[in-house]
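**Student:** See coords-v8.txt below, with compact mmCIF, C-alpha atoms.
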# COMPACT_ATOMS: atom_id res chain seq x y z
CA MET C 1 -76.35 -143.11 129.10
CA PHE C 2 -73.35 -143.65 131.38
CA ASN C 3 -73.86 -146.30 134.06
CA GLN C 4 -71.12 -146.67 136.65
CA LEU C 5 -72.16 -150.25 137.45
CA GLU C 6 -71.70 -151.62 133.93
CA LYS C 7 -68.99 -154.22 133.38
CA PRO C 8 -65.86 -152.88 131.65
CA GLN C 9 -66.25 -152.13 127.95
CA SER C 10 -63.59 -152.70 125.31
CA GLY C 11 -60.80 -150.14 125.80
CA ASP C 12 -61.63 -149.36 129.45
CA ILE C 13 -58.73 -149.29 131.92
CA VAL C 14 -59.08 -151.98 134.55
CA VAL C 15 -56.97 -152.71 137.60
CA LYS C 16 -56.51 -155.83 139.67
CA MET C 17 -55.65 -155.07 143.27
CA ARG C 18 -54.04 -158.22 144.66
CA THR C 19 -54.46 -158.62 148.42
CA ASN C 20 -53.69 -161.37 150.90
CA TYR C 21 -57.46 -161.99 150.95
CA GLY C 22 -57.87 -162.26 147.18
CA ASP C 23 -58.25 -159.97 144.18
CA LEU C 24 -60.34 -156.81 143.77
CA LEU C 25 -61.02 -155.82 140.14
CA PHE C 26 -61.94 -152.24 139.28
CA ARG C 27 -63.06 -150.38 136.18
CA MET C 28 -61.43 -146.92 136.13
CA PHE C 29 -62.99 -143.61 135.03
CA PRO C 30 -60.12 -141.47 133.67
CA ASP C 31 -62.45 -139.39 131.47
CA ARG C 32 -64.50 -138.29 134.48
CA ALA C 33 -61.89 -138.12 137.25
CA PRO C 34 -58.62 -137.62 135.32
CA GLN C 35 -56.42 -136.40 138.17
CA ALA C 36 -57.57 -139.03 140.65
CA CYS C 37 -57.03 -141.77 138.06
CA GLU C 38 -53.63 -140.46 136.97
CA ASN C 39 -52.55 -140.25 140.61
CA PHE C 40 -53.73 -143.75 141.50
CA LEU C 41 -52.50 -145.44 138.31
CA THR C 42 -49.08 -143.78 138.46
CA HIS C 43 -48.66 -144.74 142.11
CA ALA C 44 -49.75 -148.28 141.18
CA LYS C 45 -47.24 -148.50 138.30
CA ASN C 46 -44.45 -147.21 140.54
CA GLY C 47 -45.19 -149.79 143.25
CA TYR C 48 -46.16 -147.11 145.79
CA TYR C 49 -49.08 -149.19 147.09
CA ASP C 50 -47.25 -152.53 147.13
CA GLY C 51 -47.10 -153.94 150.65
CA LEU C 52 -49.35 -151.27 152.17
CA ILE C 53 -52.17 -152.25 154.51
CA PHE C 54 -55.84 -151.37 154.73
CA HIS C 55 -55.45 -149.33 157.91
CA ARG C 56 -59.16 -148.56 158.46
CA VAL C 57 -61.87 -151.19 158.04
CA ILE C 58 -65.49 -150.67 159.07
CA ASN C 59 -67.92 -153.49 158.26
CA ASP C 60 -71.08 -152.35 156.44
CA PHE C 61 -69.28 -149.12 155.51
CA MET C 62 -65.89 -149.20 153.75
CA ILE C 63 -62.24 -150.33 153.69
CA GLN C 64 -59.49 -147.69 153.47
CA GLY C 65 -55.84 -147.91 152.40
CA GLY C 66 -53.10 -146.15 150.46
CA ASP C 67 -51.14 -144.68 153.39
CA PRO C 68 -47.45 -145.70 153.52
CA THR C 69 -47.35 -144.95 157.25
CA GLY C 70 -50.32 -147.26 157.94
CA THR C 71 -51.76 -144.68 160.34
CA GLY C 72 -54.28 -142.80 158.22
CA MET C 73 -52.17 -139.65 158.59
CA GLY C 74 -49.68 -140.12 155.74
CA GLY C 75 -49.28 -140.39 152.00
CA GLU C 76 -49.04 -137.87 149.21
CA SER C 77 -50.08 -137.47 145.60
CA ILE C 78 -47.73 -138.03 142.65
CA TRP C 79 -47.40 -134.23 142.45
CA GLY C 80 -46.20 -133.96 146.05
CA LYS C 81 -49.16 -131.80 147.07
CA ALA C 82 -52.90 -132.14 147.56
CA PHE C 83 -55.08 -132.02 144.44
CA GLU C 84 -58.63 -130.88 143.74
CA ASP C 85 -61.83 -132.86 144.05
CA GLU C 86 -63.42 -134.05 140.80
CA PHE C 87 -67.16 -134.54 141.19
CA ASP C 88 -69.37 -135.92 138.42
CA VAL C 89 -73.15 -136.23 138.49
CA ASP C 90 -72.79 -139.75 137.02
CA LEU C 91 -70.33 -141.03 139.64
CA HIS C 92 -71.59 -142.03 143.07
CA ASN C 93 -70.46 -143.90 146.16
CA PHE C 94 -72.35 -147.08 145.34
CA ARG C 95 -71.25 -150.37 146.90
CA GLY C 96 -67.87 -151.13 145.31
CA ALA C 97 -67.02 -147.50 144.47
CA LEU C 98 -63.31 -146.65 144.57
CA SER C 99 -63.06 -143.16 146.06
CA MET C 100 -60.45 -140.73 147.29
CA ALA C 101 -60.12 -140.38 151.05
CA ASN C 102 -59.53 -136.82 152.23
CA SER C 103 -59.52 -134.50 155.23
CA GLY C 104 -61.79 -131.88 153.68
CA PRO C 105 -62.32 -130.19 150.30
CA HIS C 106 -59.42 -130.46 147.82
CA THR C 107 -57.08 -132.42 150.14
CA ASN C 108 -56.59 -135.56 148.02
CA GLY C 109 -53.28 -137.40 148.40
CA SER C 110 -52.68 -141.15 148.07
CA GLN C 111 -55.36 -142.60 150.35
CA PHE C 112 -58.47 -144.23 148.94
CA PHE C 113 -61.40 -146.32 150.13
CA VAL C 114 -63.76 -148.92 148.69
CA VAL C 115 -67.43 -148.64 149.69
CA GLN C 116 -68.71 -151.91 151.17
CA ALA C 117 -72.16 -150.93 152.53
CA ASP C 118 -74.77 -153.08 150.77
CA LYS C 119 -77.85 -151.03 151.66
CA VAL C 120 -78.93 -147.42 152.06
CA PRO C 121 -81.29 -146.41 154.90
CA ALA C 122 -84.89 -146.15 153.64
CA MET C 123 -85.23 -142.57 154.88
CA MET C 124 -82.20 -141.54 152.84
CA LEU C 125 -83.58 -143.23 149.73
CA SER C 126 -86.84 -141.31 150.08
CA GLN C 127 -84.96 -138.01 150.58
CA MET C 128 -83.08 -138.65 147.33
CA GLU C 129 -86.32 -138.70 145.36
CA GLY C 130 -86.56 -134.93 145.70
CA LEU C 131 -82.97 -134.37 144.59
CA THR C 132 -83.07 -135.53 140.96
CA ASP C 133 -81.82 -132.10 139.81
CA LYS C 134 -79.25 -131.83 142.63
CA GLY C 135 -76.88 -134.65 141.76
CA PHE C 136 -79.09 -137.70 142.32
CA PRO C 137 -80.67 -138.53 138.95
CA TYR C 138 -83.14 -141.39 138.65
CA GLN C 139 -80.40 -143.84 137.55
CA ALA C 140 -78.36 -143.09 140.68
CA GLN C 141 -81.38 -143.58 142.94
CA GLU C 142 -82.15 -146.92 141.28
CA ASN C 143 -78.54 -148.06 141.65
CA TYR C 144 -78.49 -147.12 145.34
CA LYS C 145 -81.69 -149.13 145.86
CA LYS C 146 -80.25 -152.08 143.95
CA VAL C 147 -76.69 -152.36 145.32
CA GLY C 148 -76.42 -150.07 148.36
CA GLY C 149 -73.68 -147.59 149.14
CA THR C 150 -72.99 -144.35 151.00
CA PRO C 151 -74.82 -141.44 149.30
CA TRP C 152 -73.85 -139.04 152.11
CA LEU C 153 -70.27 -139.21 150.78
CA ASP C 154 -71.29 -138.07 147.27
CA PHE C 155 -69.77 -134.75 146.23
CA LYS C 156 -67.46 -134.92 149.23
CA HIS C 157 -65.18 -137.73 147.98
CA THR C 158 -64.08 -138.20 144.37
CA VAL C 159 -65.24 -141.49 142.84
CA PHE C 160 -62.71 -142.65 140.25
CA GLY C 161 -63.33 -146.39 139.86
CA GLN C 162 -65.86 -149.15 140.45
CA LEU C 163 -65.42 -152.72 141.65
CA TYR C 164 -66.88 -155.19 139.16
CA ASP C 165 -65.45 -158.46 140.48
CA GLY C 166 -64.28 -159.55 143.93
CA PHE C 167 -67.22 -158.51 146.10
CA ASP C 168 -66.66 -161.67 148.18
CA VAL C 169 -63.11 -160.46 148.84
CA LEU C 170 -64.38 -156.98 149.76
CA ASP C 171 -66.83 -158.51 152.25
CA ALA C 172 -64.17 -160.83 153.69
CA ILE C 173 -61.84 -157.87 154.30
CA ALA C 174 -64.65 -155.80 155.82
CA ALA C 175 -65.45 -158.65 158.24
CA VAL C 176 -61.97 -158.92 159.80
CA LYS C 177 -61.53 -158.25 163.50
CA VAL C 178 -60.37 -154.70 164.22
CA ASP C 179 -59.12 -152.72 167.22
CA MET C 180 -60.78 -149.66 168.78
CA GLY C 181 -59.37 -147.50 165.97
CA ASP C 182 -60.88 -149.71 163.23
CA LYS C 183 -57.44 -151.06 162.32
CA PRO C 184 -57.38 -154.80 161.49
CA LEU C 185 -55.72 -156.91 164.20
CA ASN C 186 -54.06 -158.96 161.44
CA ASP C 187 -52.75 -156.98 158.48
CA VAL C 188 -54.79 -156.87 155.29
CA VAL C 189 -52.09 -156.23 152.69
CA ILE C 190 -52.07 -154.94 149.12
CA ASP C 191 -49.55 -157.29 147.47
CA GLY C 192 -49.60 -155.36 144.19
CA ILE C 193 -51.76 -153.66 141.56
CA ASP C 194 -51.90 -154.76 137.90
CA ILE C 195 -53.17 -152.40 135.21
CA ALA C 196 -54.68 -153.59 131.91
CA GLN C 197 -57.09 -152.62 129.15
CA ALA C 198 -60.41 -154.42 128.82
Using the file provided, produce a representation of the structure as structure tokens.

**Tutor:**
Amino acid sequence: MFNQLEKPQSGDIVVKMRTNYGDLLFRMFPDRAPQACENFLTHAKNGYYDGLIFHRVINDFMIQGGDPTGTGMGGESIWGKAFEDEFDVDLHNFRGALSMANSGPHTNGSQFFVVQADKVPAMMLSQMEGLTDKGFPYQAQENYKKVGGTPWLDFKHTVFGQLYDGFDVLDAIAAVKVDMGDKPLNDVVIDGIDIAQA
């Protein structure tokens, strides 16, 4: 059975996102979110994300980047137009999920976020128990209880990777001081992204 939270297996694509706060290491899911992975990995190879900032940071929620304008209003896909959502019953917005940011259905471009929330409200966990046949199988419920996350974003934002190392870095970025628009007062920068096979 597929488990999003497993460490990378032999042959998996992994990426190291180098930031000025340290490294974030992700396992990618090209078989389940092929377009989102192709878009992100191609942008990464081409240096599109190098030097960009995390322009939106909300502690106990997520960190968002991938916009060359640094405003949250810019960026485009490798195809020059928005691409479709790719939802999978086995992929969820657990803590550490790498997901596409969007402005509504099928509006994916270059922006992404990493879920940082380390708990799910108890009421939401109990609501999930009745949704095993509606996208929240037992395994997903157990993972949400174990690691936290943002289940309300499931099936609204495409999950295409999962952090497996660098949670201390994720938390350090999420804890930075921000302005009224959730933009860090001191830039949190993506220095580069390295792609490898596990």

**Student:** Would you list the contacts of Phe160 in chain C as number ranges by chain, taking every protein, DNA or RNA residue within 9 Å and counting all atoms listed in the file, but skipping same-chain residues closer than 6 positions in sequence?

**Tutor:** C: 27-30, 32-34, 36-37, 86, 91, 97-100

**Student:** Hey, can you spit out that residue selection with C-alpha atoms as a PDB file, in the frame of the given file?

**Tutor:**
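To be explicit, this is the file written out as selection.pdb:
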ATOM      1  CA  ARG C  27     -63.060-150.380 136.180  1.00  0.00           C
ATOM      2  CA  MET C  28     -61.430-146.920 136.130  1.00  0.00           C
ATOM      3  CA  PHE C  29     -62.990-143.610 135.030  1.00  0.00           C
ATOM      4  CA  PRO C  30     -60.120-141.470 133.670  1.00  0.00           C
ATOM      5  CA  ARG C  32     -64.500-138.290 134.480  1.00  0.00           C
ATOM      6  CA  ALA C  33     -61.890-138.120 137.250  1.00  0.00           C
ATOM      7  CA  PRO C  34     -58.620-137.620 135.320  1.00  0.00           C
ATOM      8  CA  ALA C  36     -57.570-139.030 140.650  1.00  0.00           C
ATOM      9  CA  CYS C  37     -57.030-141.770 138.060  1.00  0.00           C
ATOM     10  CA  GLU C  86     -63.420-134.050 140.800  1.00  0.00           C
ATOM     11  CA  LEU C  91     -70.330-141.030 139.640  1.00  0.00           C
ATOM     12  CA  ALA C  97     -67.020-147.500 144.470  1.00  0.00           C
ATOM     13  CA  LEU C  98     -63.310-146.650 144.570  1.00  0.00           C
ATOM     14  CA  SER C  99     -63.060-143.160 146.060  1.00  0.00           C
ATOM     15  CA  MET C 100     -60.450-140.730 147.290  1.00  0.00           C
TER      16      MET C 100
END

**Student:** Between range 27-59 of chain C and range 109-118 of chain C, at 12 Å or less, what are the per-residue closest atom pairs and their distances in Å? Count all atoms listed in the file, order by chain and rising residue number, and return it as a tab-separated table.

**Tutor:**
residue	atom	partner	partner_atom	distance
C:Gln35	CA	C:Gly109	CA	10.7
C:Ala36	CA	C:Gly109	CA	9.0
C:Cys37	CA	C:Ser110	CA	10.9
C:Glu38	CA	C:Ser110	CA	11.2
C:Asn39	CA	C:Ser110	CA	7.5
C:Phe40	CA	C:Ser110	CA	7.1
C:Leu41	CA	C:Ser110	CA	10.7
C:Thr42	CA	C:Ser110	CA	10.6
C:His43	CA	C:Ser110	CA	8.0
C:Ala44	CA	C:Ser110	CA	10.3
C:Tyr48	CA	C:Ser110	CA	9.1
C:Tyr49	CA	C:Ser110	CA	8.9
C:Leu52	CA	C:Gln111	CA	10.7
C:Ile53	CA	C:Gln111	CA	11.0
C:Phe54	CA	C:Phe113	CA	8.8
C:His55	CA	C:Gln111	CA	10.1
C:Arg56	CA	C:Phe113	CA	8.9
C:Val57	CA	C:Phe113	CA	9.3
C:Ile58	CA	C:Gln116	CA	8.6
C:Asn59	CA	C:Gln116	CA	7.3

**Student:** Tell me which of C:Val120, C:Ile63, C:Leu163, C:Ile190 sits closest to Pro8 in chain C, counting only C-alpha atoms.

**Tutor:**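 Closest to Pro8 in chain C of all the choices is C:Leu163.
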
**Student:** Return the single residue from C:Phe87, C:Tyr138, C:Tyr144, C:Phe94 that is closest to Phe61 in chain C, with distances computed using only C-alpha atoms.

**Tutor:**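 Among the listed residues, the smallest separation from Phe61 in chain C belongs to C:Phe94.
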
**Student:** Fewer than 6 positions away in the same chain doesn't count, so skip those; otherwise give me all residues within 8 Å of Gln4 in chain C, counting only C-alpha atoms, as a ChimeraX atom specification.

**Tutor:** /C:90-92,162

**Student:** Fewer than 5 positions away in the same chain doesn't count, so skip those; otherwise give me all residues within 9 Å of Thr107 in chain C, counting all atoms listed in the file, as a ChimeraX atom specification.

**Tutor:** /C:81-85,101-102

**Student:** Calculated over all atoms listed in the file, which of the candidates C:Asn93, C:Thr158, C:Gly51, C:Asp168 has the smallest distance to Arg18 in chain C?

**Tutor:**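 Counting all atoms listed in the file, the residue closest to Arg18 in chain C is C:Gly51.
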
**Student:** What's the 8 Å shell around Gln141 in chain C, counting only C-alpha atoms, without same-chain residues fewer than 5 positions away, as a PyMOL selection string?

**Tutor:** chain C and resi 125+128-129+136

**Student:** Which residue, C:Ile173, C:Asp23, C:Lys156, C:Gly161, has the smallest gap to Gly104 in chain C when you use all atoms listed in the file?

**Tutor:**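 Of C:Ile173, C:Asp23, C:Lys156, C:Gly161, the one nearest Gly104 in chain C is C:Lys156, counting all atoms listed in the file.
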
**Student:** In Å to one decimal, how far is CA of Gln64 in chain C from CA of Asp179 in chain C?

**Tutor:**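 One can read the CA of Asp179 in chain C to CA of Gln64 in chain C distance as 14.6 Å.
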
**Student:** Please compute the CA of Met17 in chain C-CA of Asp194 in chain C distance, one decimal, in Å.

**Tutor:** 6.6 Å

**Student:** Rank C:Val89, C:Ile13, C:Leu25, C:Ile193 by their smallest atom-to-atom distance to Val159 in chain C, using all atoms listed in the file, and report the top residue only.

**Tutor:**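 Among the listed residues, the smallest separation from Val159 in chain C belongs to C:Val89.
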
**Student:** One number please: CA of His157 in chain C to CA of Pro105 in chain C, in Å, one decimal.

**Tutor:**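 So the two atoms, CA of His157 in chain C and CA of Pro105 in chain C, lie 8.4 Å apart.
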
**Student:** Nearest to Lys146 in chain C among C:Lys177, C:Lys7, C:Lys134, C:Arg95, with distances taken over all atoms listed in the file: which residue is it?

**Tutor:** C:Arg95

**Student:** Which residues come within 8 Å of Thr19 in chain C, counting only C-alpha atoms, excluding same-chain residues fewer than 5 positions away, as a list in words?

**Tutor:**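 Here the qualifying residues turn out to be Leu24, Val188, Val189, Ile190, Asp191 and Gly192 of chain C.
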